[in-house]
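Following: one structure in C-alpha cells, then a few remarks.
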Amino acid sequence: MPEQNVADGEAPDEVTELSALYEISTIPTSLVSMEDLASLGLDKATRLLRTRLALLYRWEGCGDGAPSLWATRGMPARQAARALPDLAAVAEAFELGRPLTLDGPDRCRDLALIPDGYGARHALLAPCGRVGGGRALLVAFRLADLPFGHRDLALFGVLADRIGAALETLRLFDEMAHRQEDLQHEIVERQQAQAERERLIAELRESLAAVRTLTGLLPICAWCKRIRTDEGYWAALEEYLKEHTDAVLTHSICPECARELNKEFTGEQ
Amino acid sequence: MLTHVGLGFSHATDPHEAGALATRQATSGLGGHRPAVIVLFATPDLDPHRLLSGVHSQSEGATVLGCCAPGVIVPGAVARQGVGVAALAPGRGLTLSAAHVQGVVRDPRAAARALVESLRPPLADADEPLLALLLKSSGEGAQSLAAMIQAAGDELGPNCLLVGGGAQDSTGRVPSPIYWGTRSLPDAAALLVVRGGAFGVGAGHGYRPVGPPLVVSRARGNAIDELAGRSAFETYAAQFVSDSGLTRETFARFALDHPLGLPQIGGEYVIRDPYAVSTDGALLCAGAIPERSVVRLMEGDPDALRAAAEQAARAATTALGGAPPALALVCSCVSRLNYLGDRAVDEVRAVQASLGEDVPLIGFFSYGEIAATAEASAVLHNKTVVVGVVADSRPGEER
C-alpha cells in the first residue's frame, strides 16, 4: 500500500466543502459530449480543488488497448505524455479503486506524465469507473507545497466517479447509436431487397400478362377443322385463334398443299 | 544590470501632448537605458490615434502595448482622466516578449493560442518561471475573456503566472481598444511575457459571505435564471429583506457591494458581479456561473476591500522569496472604482505600502480580472484586485 501522505490541520469549512461536493456530484452523467465531459471534469478539478494541472487518460472503446491522453488543463497537451505509462502507482490506484496521493517531487517525476521542469510536488490519481477495471484515469498536480488532504481526496473520488458514470453513459449511447446504425443499415438493405423482389414480381406479372394461353379441351371437327365455341357455333380455326389468343395469323401455303393446288391448275393427274 | 522602470503620467487633455509627456517622463526615469517595452493605460477621452502618436514620438523604438481604461493606477493615485506609462529596460537575464492578436471575439480560444504561439520560440522552455500580462479589448462581455484566459493558461503552462484584465469604459457602452504600436485595435488582445526573473501574483477581493448557500438551479452562460428554484432576482432580494428599497431599478447600485461568490474548497470565493436584472428576473453577471453550482451572497465595505488589496500585494511579494520587486502590475475591477469612488485610491496606497513605497507600480481598472497564481490555475475574477510583481533574481540566486 503506497504512502497516503494526507495533510493534517486543514481548516474545516463545511459550507465550501459541501458546496464543492454538490457542484461535483451534480455533474450531469448524460447528454454530455466527450469534449464537454473532459472540459467539465478538468475545470472542476482545477477550480474547486485548487490544482494547477489536471490530466485525463482514457481507454478507447470498451476498455481495450492502451490508455491515451484525452485532455489537459493548465498545460499544453503536446507537453503531456501521450500514453499512460505502465506504472505501479497507476495499477495501485486501479486496484484500490479510489484516489491515491503521491507526495514529493521525486514521486511526481516518476509518474512521467508532465515535464520535470514544472516542478510538481504533489499528485493525485483517481480511477474513473469500476474497481480494478476503470476506463479513465484522472490526475491532478500541485506545484505549490500544499499536500492534498482528506477533503481533496474525497472530492476527487466523487469527481472521478461522476466522470466514470458519464463515460459509461456515453459508451452506452455510443453503443446504442452503433446498433441503431446497424439496424438502420439492415432496414435499408431489407427495403432494397423487398423493392427488388417487388420489381421482379411486377416484371413477371407483365410477362405473364403478355402471354395468353388456351387451356382445356377444344372440340375440333375432324374434317373441316372448325372449332366449336363456348356458344355452340363452329368457328373457323383462324377466327377462333384470333379471338382467344394474341397470336396474329397470316395466310401462307404449305408445300404439300402447294403441290396439290398446282396439280389442280395444270390438270395433272 | 538590474531592471530599470520609469513611470510617467499626464493629465493633459490634448491626446498627443499627454502621450508624449507621459512617455518622456517614463523614459527619462530609466537612467539613460533604452526602453524595450512601454506599457500604457489611458482613459477613453483621449483619442487613441493622437495619443499613440505622442507616445511613439518619445518611445525610442520600444514595443508599445496597453489598453483603454476608465481609470489609471499610478503610485499613490487613481486617475479618471489621463494616461499612465511605464517604460521598461530589463536587467541582465530578464527578457520581455510581446505579441498581439486580432479577431478575438470570433474565436477567443484560437486567438489565445495564436497569441502564445506567436511568442515561440521565446517560450519554448517549459522549465522557466514566467509572468504574463494579458490585455483584451472590450466586446462580447466577460465570456470571451474567460475563454481566452483558459486557453492562454493552458498554452502558457503551469510555470506562467498571469495577471491582466479586460478593457472597458465605466459605462460599458464605449468600445475600449487595445493599444499596439501606433495602432488602436478594437477587437484584439496583447500579451507581454517576462522571463528570467522571480515573479509573484496575488489576488483578493475583500467580500465576505452572508446568508445561506444557494443552488444555481437554472443558468445560461452569464445569466442566472433561477436561484434555489425561484426567480434569481426574487431569491436575491429575499436575502436582504431589511433593504426594502431594493428594486430592479436600484439593483445595479445595491449589487456593487453585494456580489455573488462561488465557494472553492478551502474557503475562498471567486466573485461574480451581478450587474443587472433582466426583464424576466435573471441576474446578469460579468462571467459565467455554472448551472448546479452553489453561490453565496457576499457583502463588502471599503475597509475590507482595502485590506484585500493589501493582502493581494503581500501574497505576490511573498512569492518572490525575498527578492525586491522591480515592477508591480495592478488590475482592479471597474466596479470597485465605482463603489469606492474617491476611496479607490486607498486601495492603491495599501498595495503600494505593502510592496514598498519605492516600487514602481502601474495598472488600470478592468472589466474582468485575470489571475493565475502558483497555487491556482488561470481564472476570470470579478470585483477583485490582482497584483503581479517582477523581481530581477529568483529566490536564492545571486544578484
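Every chain in the C-alpha cells takes a letter, A first, then B, and so on in the order presented; its residues are numbered from 1, and the ligands are numbered from 1 following the presented order.
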Exercise. What lies within 7 Å of Thr95 (chain B) using only C-alpha atoms, ignoring chain neighbours under 5 positions off, as a list in words?
Worked result: Pro90, Val194, Arg195 and Gly196 of chain B
Show me, as a Markdown table, the residues of chain B having an atom within 6 Å of chain A, each with the closest atom pair and its distance in Å, using only C-alpha atoms.
```
| residue | atom | partner | partner_atom | distance |
| --- | --- | --- | --- | --- |
| B:Asp127 | CA | A:Gly117 | CA | 3.9 |
| B:Gly153 | CA | A:Gly74 | CA | 5.7 |
| B:Asp154 | CA | A:Gly74 | CA | 4.1 |
| B:Glu155 | CA | A:Pro76 | CA | 4.8 |
| B:Gly157 | CA | A:Met75 | CA | 4.1 |
| B:Pro158 | CA | A:Gly74 | CA | 5.8 |
| B:Pro263 | CA | A:Thr16 | CA | 5.2 |
| B:Gln264 | CA | A:Leu48 | CA | 5.0 |
| B:Ile265 | CA | A:Thr16 | CA | 5.4 |
| B:Gly267 | CA | A:Thr16 | CA | 5.6 |
| B:Arg292 | CA | A:Glu23 | CA | 5.9 |
| B:Ser293 | CA | A:Glu23 | CA | 4.8 |
| B:Val294 | CA | A:Ser19 | CA | 5.5 |
| B:Glu375 | CA | A:Ala144 | CA | 5.7 |
| B:Ala376 | CA | A:Arg50 | CA | 5.1 |
| B:Ser377 | CA | A:Arg52 | CA | 4.7 |
```
For this session: Using DSSP on the backbone coordinates, identify the residues of region 11-245 of chain A assigned to strand (DSSP E or B); present them as a ChimeraX atom specification.
Result: /A:53-58,68-73,83,100-103,122-128,136-142,149,220,227-228,234-235
Exercise. Any idea what's packed within 10 Å of Leu145 (chain B), counting only C-alpha atoms, ignoring anything in its chain fewer than 5 positions away? Could you give it as a PyMOL selection string?
Worked result: chain B and resi 104-105+108-109+112+134-140+150-151+165-166+189+287+367-370+379-380
Output the selection as an mmCIF file, in the first residue's frame - N, CA and C atoms for each residue.
```
data_model
loop_
_atom_site.group_PDB
_atom_site.id
_atom_site.type_symbol
_atom_site.label_atom_id
_atom_site.label_comp_id
_atom_site.auth_asym_id
_atom_site.auth_seq_id
_atom_site.Cartn_x
_atom_site.Cartn_y
_atom_site.Cartn_z
ATOM 1 N N VAL B 104 -10.480 38.531 -31.835
ATOM 2 C CA VAL B 104 -10.647 37.760 -30.604
ATOM 3 C C VAL B 104 -12.093 37.320 -30.407
ATOM 4 N N VAL B 105 -13.027 38.191 -30.754
ATOM 5 C CA VAL B 105 -14.447 37.919 -30.474
ATOM 6 C C VAL B 105 -14.921 36.665 -31.195
ATOM 7 N N PRO B 108 -12.222 33.280 -29.286
ATOM 8 C CA PRO B 108 -11.241 33.703 -28.276
ATOM 9 C C PRO B 108 -10.190 32.650 -27.953
ATOM 10 N N ARG B 109 -10.604 31.371 -27.991
ATOM 11 C CA ARG B 109 -9.632 30.315 -27.667
ATOM 12 C C ARG B 109 -8.538 30.234 -28.726
ATOM 13 N N ALA B 112 -6.228 33.131 -28.378
ATOM 14 C CA ALA B 112 -5.271 32.977 -27.267
ATOM 15 C C ALA B 112 -4.131 32.044 -27.667
ATOM 16 N N LEU B 134 -1.837 39.918 -19.678
ATOM 17 C CA LEU B 134 -2.781 39.704 -20.780
ATOM 18 C C LEU B 134 -3.832 40.807 -20.757
ATOM 19 N N LEU B 135 -3.987 41.465 -21.883
ATOM 20 C CA LEU B 135 -4.970 42.547 -22.007
ATOM 21 C C LEU B 135 -5.890 42.226 -23.175
ATOM 22 N N LYS B 136 -7.174 42.460 -22.976
ATOM 23 C CA LYS B 136 -8.139 42.189 -24.053
ATOM 24 C C LYS B 136 -9.067 43.383 -24.225
ATOM 25 N N SER B 137 -9.367 43.681 -25.478
ATOM 26 C CA SER B 137 -10.277 44.794 -25.759
ATOM 27 C C SER B 137 -11.692 44.442 -25.308
ATOM 28 N N SER B 138 -12.556 45.459 -25.248
ATOM 29 C CA SER B 138 -13.942 45.205 -24.847
ATOM 30 C C SER B 138 -14.665 44.473 -25.974
ATOM 31 N N GLY B 139 -15.830 43.949 -25.657
ATOM 32 C CA GLY B 139 -16.616 43.226 -26.663
ATOM 33 C C GLY B 139 -16.951 41.840 -26.187
ATOM 34 N N GLU B 140 -18.222 41.437 -26.395
ATOM 35 C CA GLU B 140 -18.700 40.097 -26.027
ATOM 36 C C GLU B 140 -18.592 39.838 -24.525
ATOM 37 N N GLN B 150 -8.610 30.804 -20.162
ATOM 38 C CA GLN B 150 -8.410 29.361 -20.042
ATOM 39 C C GLN B 150 -7.431 28.849 -21.105
ATOM 40 N N ALA B 151 -7.651 29.286 -22.338
ATOM 41 C CA ALA B 151 -6.785 28.809 -23.425
ATOM 42 C C ALA B 151 -5.354 29.330 -23.253
ATOM 43 N N GLY B 165 -6.433 41.911 -17.516
ATOM 44 C CA GLY B 165 -7.870 42.158 -17.452
ATOM 45 C C GLY B 165 -8.424 42.596 -18.784
ATOM 46 N N GLY B 166 -9.720 42.833 -18.770
ATOM 47 C CA GLY B 166 -10.410 43.273 -19.974
ATOM 48 C C GLY B 166 -10.560 44.782 -19.976
ATOM 49 N N ALA B 189 -6.171 41.386 -28.551
ATOM 50 C CA ALA B 189 -5.580 41.118 -27.240
ATOM 51 C C ALA B 189 -4.074 41.287 -27.364
ATOM 52 N N GLY B 287 -19.487 37.263 -15.985
ATOM 53 C CA GLY B 287 -18.760 36.000 -16.038
ATOM 54 C C GLY B 287 -19.756 34.864 -15.903
ATOM 55 N N TYR B 367 -12.492 45.279 -16.712
ATOM 56 C CA TYR B 367 -13.784 44.583 -16.724
ATOM 57 C C TYR B 367 -13.467 43.101 -16.783
ATOM 58 N N GLY B 368 -13.355 42.483 -15.623
ATOM 59 C CA GLY B 368 -12.907 41.088 -15.537
ATOM 60 C C GLY B 368 -11.417 41.068 -15.306
ATOM 61 N N GLU B 369 -11.025 40.452 -14.186
ATOM 62 C CA GLU B 369 -9.611 40.420 -13.844
ATOM 63 C C GLU B 369 -9.065 39.008 -14.060
ATOM 64 N N ILE B 370 -7.792 38.967 -14.415
ATOM 65 C CA ILE B 370 -7.146 37.688 -14.722
ATOM 66 C C ILE B 370 -6.108 37.396 -13.650
ATOM 67 N N VAL B 379 -7.959 31.936 -13.878
ATOM 68 C CA VAL B 379 -9.397 32.084 -13.653
ATOM 69 C C VAL B 379 -9.797 33.538 -13.898
ATOM 70 N N LEU B 380 -11.024 33.702 -14.389
ATOM 71 C CA LEU B 380 -11.590 35.046 -14.522
ATOM 72 C C LEU B 380 -12.186 35.445 -13.174
#
```
For this session: Please provide as an MDAnalysis selection string all residues within 9 Å of region 121-131 of chain A, with the sequence filter that same-chain residues fewer than 5 positions apart are discarded (counting only C-alpha atoms).
Result: chainID A and resid 89:90 93:109 111 136:148 152:153 156:157 159:165 167:168
Exercise. If you count only C-alpha atoms, which residues fall within 8 Å of Ile362 (chain B), apart from same-chain ones fewer than 4 positions away, as a list of chain:residue names?
Worked result: B:Leu7, B:Val72, B:Ile73, B:Val74, B:Pro75, B:Gly84, B:Val85, B:Ala86, B:Ala328, B:Leu329, B:Val330
Exercise. Pick from A:Thr229, A:Ser30, A:Ser252, A:Thr245: nearest to Thr169 (chain A), with only C-alpha atoms counted?
Worked result: A:Ser30
Exercise. Which residues come within 8 Å of Cys331 (chain B), counting only C-alpha atoms, excluding same-chain residues fewer than 5 positions away, as an MDAnalysis selection string?
Worked result: chainID B and resid 163:165 363:366 369 385:387
Using N, CA, C and O atoms, can you export the residues from the last selection as a CSV table (one decimal), in the first residue's frame?
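So part25.csv came out as:
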```csv
chain,number,residue,atom,x,y,z
B,163,VAL,N,-1.5,37.8,-15.0
B,163,VAL,CA,-2.2,39.0,-14.5
B,163,VAL,C,-2.7,39.8,-15.7
B,163,VAL,O,-2.2,39.7,-16.8
B,164,GLY,N,-3.8,40.5,-15.5
B,164,GLY,CA,-4.3,41.3,-16.6
B,164,GLY,C,-5.8,41.5,-16.4
B,164,GLY,O,-6.4,41.3,-15.3
B,165,GLY,N,-6.4,41.9,-17.5
B,165,GLY,CA,-7.9,42.2,-17.5
B,165,GLY,C,-8.4,42.6,-18.8
B,165,GLY,O,-7.7,42.7,-19.8
B,363,GLY,N,-1.1,50.4,-13.4
B,363,GLY,CA,-2.2,49.5,-13.6
B,363,GLY,C,-3.4,50.2,-14.1
B,363,GLY,O,-3.4,51.4,-14.4
B,364,PHE,N,-4.5,49.5,-14.1
B,364,PHE,CA,-5.7,50.0,-14.7
B,364,PHE,C,-7.0,49.3,-14.0
B,364,PHE,O,-6.8,48.3,-13.4
B,365,PHE,N,-8.1,50.0,-14.2
B,365,PHE,CA,-9.3,49.4,-13.8
B,365,PHE,C,-10.0,48.6,-14.9
B,365,PHE,O,-10.1,49.2,-16.0
B,366,SER,N,-10.3,47.4,-14.7
B,366,SER,CA,-10.6,46.5,-15.8
B,366,SER,C,-12.1,45.9,-15.7
B,366,SER,O,-12.7,46.0,-14.6
B,369,GLU,N,-11.0,40.5,-14.2
B,369,GLU,CA,-9.6,40.4,-13.8
B,369,GLU,C,-9.1,39.0,-14.1
B,369,GLU,O,-9.8,38.0,-13.9
B,385,VAL,N,-8.9,42.6,-7.0
B,385,VAL,CA,-7.6,43.3,-7.3
B,385,VAL,C,-6.6,42.2,-7.5
B,385,VAL,O,-6.5,41.3,-6.7
B,386,VAL,N,-5.9,42.3,-8.6
B,386,VAL,CA,-4.8,41.3,-8.9
B,386,VAL,C,-3.5,42.1,-9.0
B,386,VAL,O,-3.4,43.1,-9.7
B,387,VAL,N,-2.5,41.6,-8.3
B,387,VAL,CA,-1.2,42.3,-8.3
B,387,VAL,C,-0.2,41.3,-8.8
B,387,VAL,O,-0.1,40.2,-8.2
```
Exercise. Which one of B:Pro302, B:Gly321, B:Gly61, B:Gly266 sits closest to Pro35 (chain B) if you count only C-alpha atoms?
Worked result: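 Selected residue with least distance to Pro35 (chain B): B:Gly61.
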Exercise. Among region 17-201 of chain A, which residues carry a DSSP assignment of alpha helix (DSSP H), reported as an MDAnalysis selection string?
Worked result: chainID A and resid 17:25 34:48 88:96 105:111 150:201
Problem set entry | Residue nearest Gly202 (chain B) - candidates B:Ala304, B:Leu30, B:Ala12, B:Ala374, atoms counted: only C-alpha atoms | B:Ala374
Which residues of region 294-371 of chain B have any atom within 12 Å of an atom in region 229-248 of chain B when counting only C-alpha atoms, and what is the closest pair of atoms for each, with the distance in Å to one decimal? Order the rows by chain and rising number and write it as a tab-separated table.
```
residue	atom	partner	partner_atom	distance
B:Val295	CA	B:Tyr236	CA	10.8
B:Arg296	CA	B:Tyr236	CA	9.8
B:Leu297	CA	B:Tyr236	CA	7.7
B:Met298	CA	B:Gln239	CA	10.6
B:Glu299	CA	B:Phe240	CA	11.0
```
For this session: Tell me, as a PyMOL selection string, which residues lie within 12 Å of Arg253 (chain B), counting only C-alpha atoms; anything in the same chain fewer than 6 positions away does not count.
Result: chain B and resi 245-247+259+273-277+335-336+338-340
